[in-house]
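Accompanying notes for the structure given below.
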Amino acid sequence: MRTLYLSLIVLSTIFSGVGFTTPQQAPGAVITLLDRENQPATRITDGDTVHLQVTLQQATPQTLKINFNLAGQAFSVATCSIPANQSKCSTGPFASLGWSWGENGTPLKSRLLQAVEENGNLLGTSEPILVTVRPVVMVHGFISDWETWKMYLGPGGFLANLNIPGFAVGDGQVAGILNTGQIFDPAGRTNTIGENAAILGEYIAAVKQKTGAQMVDLVVHSMGGMISRYYIDRVMQGRDVAQLIMLGSPMGGSDCAVLPAALGFYLPASIEIRQSYMNGVFNQQITHRHGVEFFDLAGTAITEAFKSPCSDVPNDTVVSLGSVNAIPLQAGNFNIIHSNLTISQAVFETFVKPLLQKTANQFQAVTDPAMAAGNNPPLQFTRVYTGHVEANGSTQLTINIEPGLQVASFALYDASRSITSEVRGASGNVIKLTPEANGFIQLDDPSALFWLGYGFREPKPGPWRITLQATEVTPPGGTDFAVSVYFSGGAKLETSSSTLVPQVDEQVDFFAQLSLNGQPLEITSGQVVIMNQEGQRETLALPVGSHVSATWTPPSPGTYAVDIVVNGKAPDGSTIERTGFLAVEVQPNPTRERINFNLAAVIIAVVCIVLLLLLAFALGIIFIIQRQRRKKASRQQQDV
């Protein structure tokens, strides 16, 4: 009989590891699974909060520690101790993460639980627990929508092949639409990261209600990573995210965002993507993970600086490997461009799928890591050139390139994605742009931060002329454009702010210093251009000198772009132009708010007193009139 019992246990263990179960209950112990309300349950969704209870047929003479294992796996998912002279114990609450999957991604529809003594003696095996896979919620990025996840959704999608329910924010399966910028309304205001995080919270809550799940996985692209981090830190009430799987999310921002921001487009989102904002503001405030593991895949398709339009290398065209790793997380990399991260089956198979199929022992308990300021030095940019190209027209820019540069890399942003670029070098000759020689790239992607990109190694110094030409598909009203150029080598501009998170009415000092080969250069002219999230600009003049500053007093709360633009002279007399791109998040002034509140309270009190006096006066008049009328009526009755 004992041999038969042991054989059944072995079979149970083998079958449970490949998706089969046996309803074997070992004699001597009863294992009960309890839900988060402490009610017995035989069905859960992966990630649900559960308790486990074991009951012996008789009391144990001494304290007995119990390990609970998933049959077929040799690690414990929970423990409890039966006190001496007692017969049962219960574990504390824990998340049943990874119960849907066996080794090598084997899907399991049910699990058996085993109670095991410390010495390895098996006390009992539970009845089968039915397990449903937890859903995935997908979050799109900048100037995008739910359709970026079409390859993941539907009967033939990546998730359907794993029988994982998939939901993309904005897809209409449940309520909720993010606003990270509308391609057909570039001047329209976007939501802030925080506002979109609140919408994400409502969407996740609706998915949980619809599916009955207590947890979801977040699979996100680009700016969706910042929105999801904000949700996890500030919005989430009790953990309901199993893991955060990011694709090309710029944890350290992207310099390419300065292009649409220069035109006042997609504000405030285009400011929030700035390197200065992410490193100096967001990453210093959004630090709590509440146990959620972070993963981020970096695209590394571009590895040479002259082929990179507006971001450090290696990068996926707009997000660098350094930006992905700007905070502590588990990162991977793949030879792919940014816009293809959500449609690539190879990315899904090699990065996303293994994370969705993690087993119970692969989920790690994480703590909040220390968040240091980003240590990747910013690229050296000229100012961002902006303008307008009329339909059937053209516009010419002159950009001075100083001697000694190793790379000059150009990026053109055009919301209509319709204009072309002709380049004449310092020699005056037209340069034919090719992918091989110049890294020429054209991104016909509405969510991209640039339209055309190209670069040059060891560019000839002197004036370069860029002609932007309309085409037959340019809109009748023409199109606005922004052009940026970053240099490797040559002069270096260092900019800083006394604070990146000031309060209203708090003095903020901006500093700028220009140098060449470690030697300071005189700044001959400069200005600080400050733009609020509504697109309104304010300009401060910078004095002449080698280390200059300007002072600003923020008038109202909000996110501000701060461009510090300087001109200087190289030793050979050539003109040097550089720009530092900062971002400041102004906080409400509690003192001012209190004063305003008190003033408003006084005004309201005075108004109320005046109204009461007027009411009393009016009632008095009415009383007098009514009294006179009664007296008059009384006299008339006496006369009769």
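Residues in the structure tokens are named by chain (A, B, ... in the order shown) and by number from 1 within that chain; ligands are numbered from 1 in the order shown.
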
Task: Close residues, Trp464 in chain A itself excluded, 6 Å, only C-alpha atoms, min 2 positions apart in chain, as a list in words - done: Thr398, Ile399, Arg424, Gly425 and Ala426 of chain A

Just write the chosen residues, C-alpha atoms, as a PDB file, in the first residue's frame.
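In the end it all went to out.pdb:
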```pdb
ATOM      1  CA  THR A 398      23.351  78.807 -42.939  1.00  0.00           C
ATOM      2  CA  ILE A 399      25.106  76.829 -40.228  1.00  0.00           C
ATOM      3  CA  ARG A 424      26.018  72.320 -49.566  1.00  0.00           C
ATOM      4  CA  GLY A 425      29.247  71.955 -47.647  1.00  0.00           C
ATOM      5  CA  ALA A 426      31.733  74.716 -46.887  1.00  0.00           C
TER       6      ALA A 426
END
```

- [ ] Identify all residues of range 519-586 of chain A in strand (DSSP E or B) (DSSP on the backbone) and supply them as a PyMOL selection string.
- [x] chain A and resi 519-521+523-531+537-541+545+547-552+558-569+575-586

TODO: Write out as a PyMOL selection string which residues come within 10 Å of Leu500 in chain A when counting only C-alpha atoms, dropping same-chain ones fewer than 5 positions away.
DONE: chain A and resi 276-277+280-281+508-510+559-560+582-586

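Residues with any atom within 10 Å of Val219 in chain A, counting only C-alpha atoms and excluding same-chain neighbours fewer than 2 positions away, are Val136, Val137, Met138, Val139, His140, Trp149, Gly166, Phe167, Ala168, Val216, Asp217, His221, Gly224, Gly225, Ser228, Gln243, Leu244, Ile245, Met246, Leu247, Phe295, Asp296, Thr342, Val352 and Leu356 of chain A.
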
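Closest to Val430 in chain A among A:Ile621, A:Ile273, A:Val131, A:Ile466 is A:Ile466, based on only C-alpha atoms.
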
Open item on the list: I'd like the contact shell of Val50 in chain A - 8 Å cut-off, only C-alpha atoms, skipping same-chain residues fewer than 3 positions apart - returned as a VMD selection string.
Closed with: chain A and resid 33 to 36 38 93 to 96

Can those selected residues be exported to a file as a PDB file, in the first residue's frame so that it contains N, CA and C atoms?
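This is the output file out_17.pdb:
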```pdb
ATOM      1  N   LEU A  33      -6.317  26.084  -0.044  1.00  0.00           N
ATOM      2  CA  LEU A  33      -5.943  27.393  -0.583  1.00  0.00           C
ATOM      3  C   LEU A  33      -7.036  28.388  -0.241  1.00  0.00           C
ATOM      4  N   LEU A  34      -6.651  29.531   0.324  1.00  0.00           N
ATOM      5  CA  LEU A  34      -7.592  30.584   0.710  1.00  0.00           C
ATOM      6  C   LEU A  34      -7.338  31.813  -0.134  1.00  0.00           C
ATOM      7  N   ASP A  35      -8.412  32.477  -0.542  1.00  0.00           N
ATOM      8  CA  ASP A  35      -8.234  33.703  -1.316  1.00  0.00           C
ATOM      9  C   ASP A  35      -7.933  34.864  -0.374  1.00  0.00           C
ATOM     10  N   ARG A  36      -7.881  36.084  -0.909  1.00  0.00           N
ATOM     11  CA  ARG A  36      -7.469  37.214  -0.058  1.00  0.00           C
ATOM     12  C   ARG A  36      -8.524  37.577   0.980  1.00  0.00           C
ATOM     13  N   ASN A  38      -9.765  35.163   2.722  1.00  0.00           N
ATOM     14  CA  ASN A  38      -9.635  33.986   3.587  1.00  0.00           C
ATOM     15  C   ASN A  38     -10.741  32.961   3.360  1.00  0.00           C
ATOM     16  N   PRO A  93      -0.318  36.276   3.576  1.00  0.00           N
ATOM     17  CA  PRO A  93      -0.730  36.475   2.179  1.00  0.00           C
ATOM     18  C   PRO A  93       0.484  36.609   1.262  1.00  0.00           C
ATOM     19  N   PHE A  94       0.401  36.080   0.063  1.00  0.00           N
ATOM     20  CA  PHE A  94       1.457  36.232  -0.929  1.00  0.00           C
ATOM     21  C   PHE A  94       0.839  36.137  -2.324  1.00  0.00           C
ATOM     22  N   ALA A  95       1.579  36.617  -3.317  1.00  0.00           N
ATOM     23  CA  ALA A  95       1.085  36.636  -4.695  1.00  0.00           C
ATOM     24  C   ALA A  95       1.456  35.340  -5.399  1.00  0.00           C
ATOM     25  N   SER A  96       0.489  34.753  -6.060  1.00  0.00           N
ATOM     26  CA  SER A  96       0.694  33.478  -6.761  1.00  0.00           C
ATOM     27  C   SER A  96       1.304  33.703  -8.147  1.00  0.00           C
TER      28      SER A  96
END
```
